[in-house]
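Q: Starting off with a structure, shown below.
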Amino acid sequence: MHGNPTAQEVALQSFDHLLGLLSKIPDPRRAEGMLYKLHHVLLFSIFAVVTGGNSFRSITTFIEIHRARLNAAFGLRWKRAPAHTAIRYILQGLDPQAVEQVFRLHAAALAGKTADPARRSIALDGKTLRRSFDNFRDRKAAQLLHAFDTGAGLILAHIDIEEKSNEIPAAQRLLDELDIAHCVVTLDALHCQKNLRGRRRCRAARNSETN
């Protein structure tokens with residue numbers, strides 16, 4: 001007869017949903033190169049980053065330092081951490097759209113446990129990624145627009161801002177993609193243009209015609 005779950009078991013159950021979603025991301029490796037399960041590599045990489053890791057080597061270091069605890073917690077038998085070159089190959093080979101979709105689903109599940117939609121406030125804001133510029137290839141720093149649930153403290157989604165564009169079309173696309181009906185949405189003054197509502201109505205009309 002099983003007793004009550006321990007505090008550790010309860011804590012680990014919170015990762016079940018995220019692990020299930022991470023397992024849906026296509027693995028860029030060949031079958032013979034899958035020594036480590038992709039969803040565990042991704043989850044442990046997230047652990048490393050949120051605790052201060054900022055490189056592929058730091059992810060490997062984090063896993064190696066905590067390997068015994070991670071093995072015990074997740075029922076693994078890893079004898080060593082993946083090499084930083086393996087981590088780099090895996091992360092750089094992922095499909096960005098598949099990763100974004102997984103994190104949107106996870107954020108939506110977490111946000112759904114908070115306030116009702118009528119009380120939710122979503123802030124859309126653009127950010128420039130540090131060290132993302134490339135002078136050698138004459139590439140400007142990457143810019144992202146994110147949707148932040150202020151009440152839940154969650155980023156619900158990201159979207160790339162095209163290099164020769166701005167936040168306005170990116171915001172319209174992000175609003176179309178997110179299920180945030182009845183929520184309060186805040187944006188920068190840049191978006192205070194008269195024709196934005198008309199654009200959304202025209203897009204909605206086109207979508208209804210094609211359905």
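Following the order of the structure tokens, chains are lettered A, B, ..., residues in each are numbered from 1, and ligands are numbered from 1.
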Got a sec: who's within 10 Å of range 11-27 of chain A, counting only C-alpha atoms, leaving out chain neighbours fewer than 2 positions off, as an MDAnalysis selection string?
A: chainID A and resid 5:9 29:31 34 37:43 73:74 90:91 93:103 105:107 109
Q: Using DSSP secondary structure from the backbone, list all alpha helix (DSSP H) positions within range 129-194 of chain A, as a PyMOL selection string.
A: chain A and resi 167-177
Q: Using all heavy atoms, can you export the residues from the last selection as a short mmCIF file (atom, residue, chain, number, x, y, z; two decimals), in the first residue's frame?
A:
data_model
loop_
_atom_site.label_atom_id
_atom_site.label_comp_id
_atom_site.auth_asym_id
_atom_site.auth_seq_id
_atom_site.Cartn_x
_atom_site.Cartn_y
_atom_site.Cartn_z
N GLU A 167 7.35 46.69 -34.95
CA GLU A 167 6.48 45.93 -34.05
C GLU A 167 5.03 45.85 -34.52
O GLU A 167 4.31 44.95 -34.11
CB GLU A 167 6.50 46.57 -32.65
CG GLU A 167 7.79 46.42 -31.91
CD GLU A 167 7.67 47.00 -30.50
OE1 GLU A 167 6.53 47.18 -30.04
OE2 GLU A 167 8.71 47.27 -29.89
N ILE A 168 4.59 46.80 -35.35
CA ILE A 168 3.16 46.89 -35.66
C ILE A 168 2.64 45.63 -36.35
O ILE A 168 1.71 44.99 -35.87
CB ILE A 168 2.86 48.15 -36.49
CG1 ILE A 168 3.14 49.39 -35.64
CG2 ILE A 168 1.41 48.14 -36.96
CD1 ILE A 168 2.95 50.70 -36.39
N PRO A 169 3.21 45.20 -37.50
CA PRO A 169 2.68 43.96 -38.12
C PRO A 169 2.92 42.73 -37.25
O PRO A 169 2.12 41.80 -37.25
CB PRO A 169 3.45 43.88 -39.44
CG PRO A 169 4.64 44.75 -39.26
CD PRO A 169 4.25 45.83 -38.33
N ALA A 170 4.02 42.74 -36.49
CA ALA A 170 4.29 41.60 -35.61
C ALA A 170 3.23 41.51 -34.52
O ALA A 170 2.77 40.41 -34.17
CB ALA A 170 5.68 41.73 -34.98
N ALA A 171 2.81 42.65 -33.98
CA ALA A 171 1.79 42.66 -32.94
C ALA A 171 0.45 42.17 -33.48
O ALA A 171 -0.27 41.42 -32.82
CB ALA A 171 1.64 44.07 -32.37
N GLN A 172 0.11 42.59 -34.70
CA GLN A 172 -1.15 42.15 -35.30
C GLN A 172 -1.16 40.63 -35.50
O GLN A 172 -2.16 39.96 -35.23
CB GLN A 172 -1.36 42.85 -36.65
CG GLN A 172 -1.52 44.36 -36.54
CD GLN A 172 -2.73 44.73 -35.71
OE1 GLN A 172 -3.86 44.37 -36.03
NE2 GLN A 172 -2.50 45.43 -34.62
N ARG A 173 -0.04 40.11 -35.93
CA ARG A 173 0.06 38.66 -36.14
C ARG A 173 -0.03 37.92 -34.80
O ARG A 173 -0.73 36.89 -34.69
CB ARG A 173 1.38 38.33 -36.83
CG ARG A 173 1.61 36.83 -37.03
CD ARG A 173 2.95 36.60 -37.69
NE ARG A 173 3.34 35.20 -37.60
CZ ARG A 173 4.55 34.73 -37.89
NH1 ARG A 173 5.49 35.58 -38.31
NH2 ARG A 173 4.84 33.46 -37.78
N LEU A 174 0.65 38.45 -33.77
CA LEU A 174 0.65 37.78 -32.48
C LEU A 174 -0.75 37.80 -31.86
O LEU A 174 -1.20 36.81 -31.27
CB LEU A 174 1.64 38.47 -31.55
CG LEU A 174 2.00 37.76 -30.24
CD1 LEU A 174 2.49 36.35 -30.52
CD2 LEU A 174 3.05 38.54 -29.48
N LEU A 175 -1.46 38.90 -32.01
CA LEU A 175 -2.83 38.98 -31.48
C LEU A 175 -3.75 37.98 -32.17
O LEU A 175 -4.66 37.42 -31.55
CB LEU A 175 -3.38 40.40 -31.64
CG LEU A 175 -2.77 41.47 -30.73
CD1 LEU A 175 -3.26 42.85 -31.13
CD2 LEU A 175 -3.10 41.19 -29.27
N ASP A 176 -3.52 37.76 -33.46
CA ASP A 176 -4.33 36.80 -34.21
C ASP A 176 -4.05 35.36 -33.75
O ASP A 176 -4.94 34.50 -33.77
CB ASP A 176 -4.06 36.90 -35.70
CG ASP A 176 -4.75 38.11 -36.32
OD1 ASP A 176 -5.71 38.62 -35.72
OD2 ASP A 176 -4.32 38.55 -37.41
N GLU A 177 -2.80 35.10 -33.35
CA GLU A 177 -2.40 33.73 -33.01
C GLU A 177 -2.77 33.32 -31.58
O GLU A 177 -2.90 32.13 -31.30
CB GLU A 177 -0.89 33.57 -33.21
CG GLU A 177 -0.45 33.66 -34.66
CD GLU A 177 1.06 33.58 -34.82
OE1 GLU A 177 1.76 33.53 -33.80
OE2 GLU A 177 1.53 33.56 -35.98
#
Q: With only C-alpha atoms as the atoms that count, which of A:Asp188, A:Glu64, A:Asp179, A:Glu162 lies nearest to Leu124 in chain A?
A: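 Once distances to Leu124 in chain A are computed over only C-alpha atoms, the minimum belongs to A:Asp188.
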Q: Nearest to Ala108 in chain A among A:Ile46, A:Val185, A:Leu76, A:Ile180, with distances taken over only C-alpha atoms: which residue is it?
A: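 Among the listed residues, the smallest separation from Ala108 in chain A belongs to A:Ile180.
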Q: Which one is closest to Asp125 in chain A: A:Ala152, A:Asn54, A:Phe62, A:Ile161? Count only C-alpha atoms.
A: A:Ile161
Q: Just the number, please: distance in Å from CA of Arg130 in chain A to CA of Ser58 in chain A, one decimal.
A: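 About the pair CA of Arg130 in chain A and CA of Ser58 in chain A: they are 17.8 Å apart.
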Q: Compile the contact shell of Leu178 in chain A as a PyMOL selection string: residues with an atom at most 10 Å away, counting only C-alpha atoms, same-chain residues fewer than 6 positions apart removed.
A: chain A and resi 104+108+147+156-157
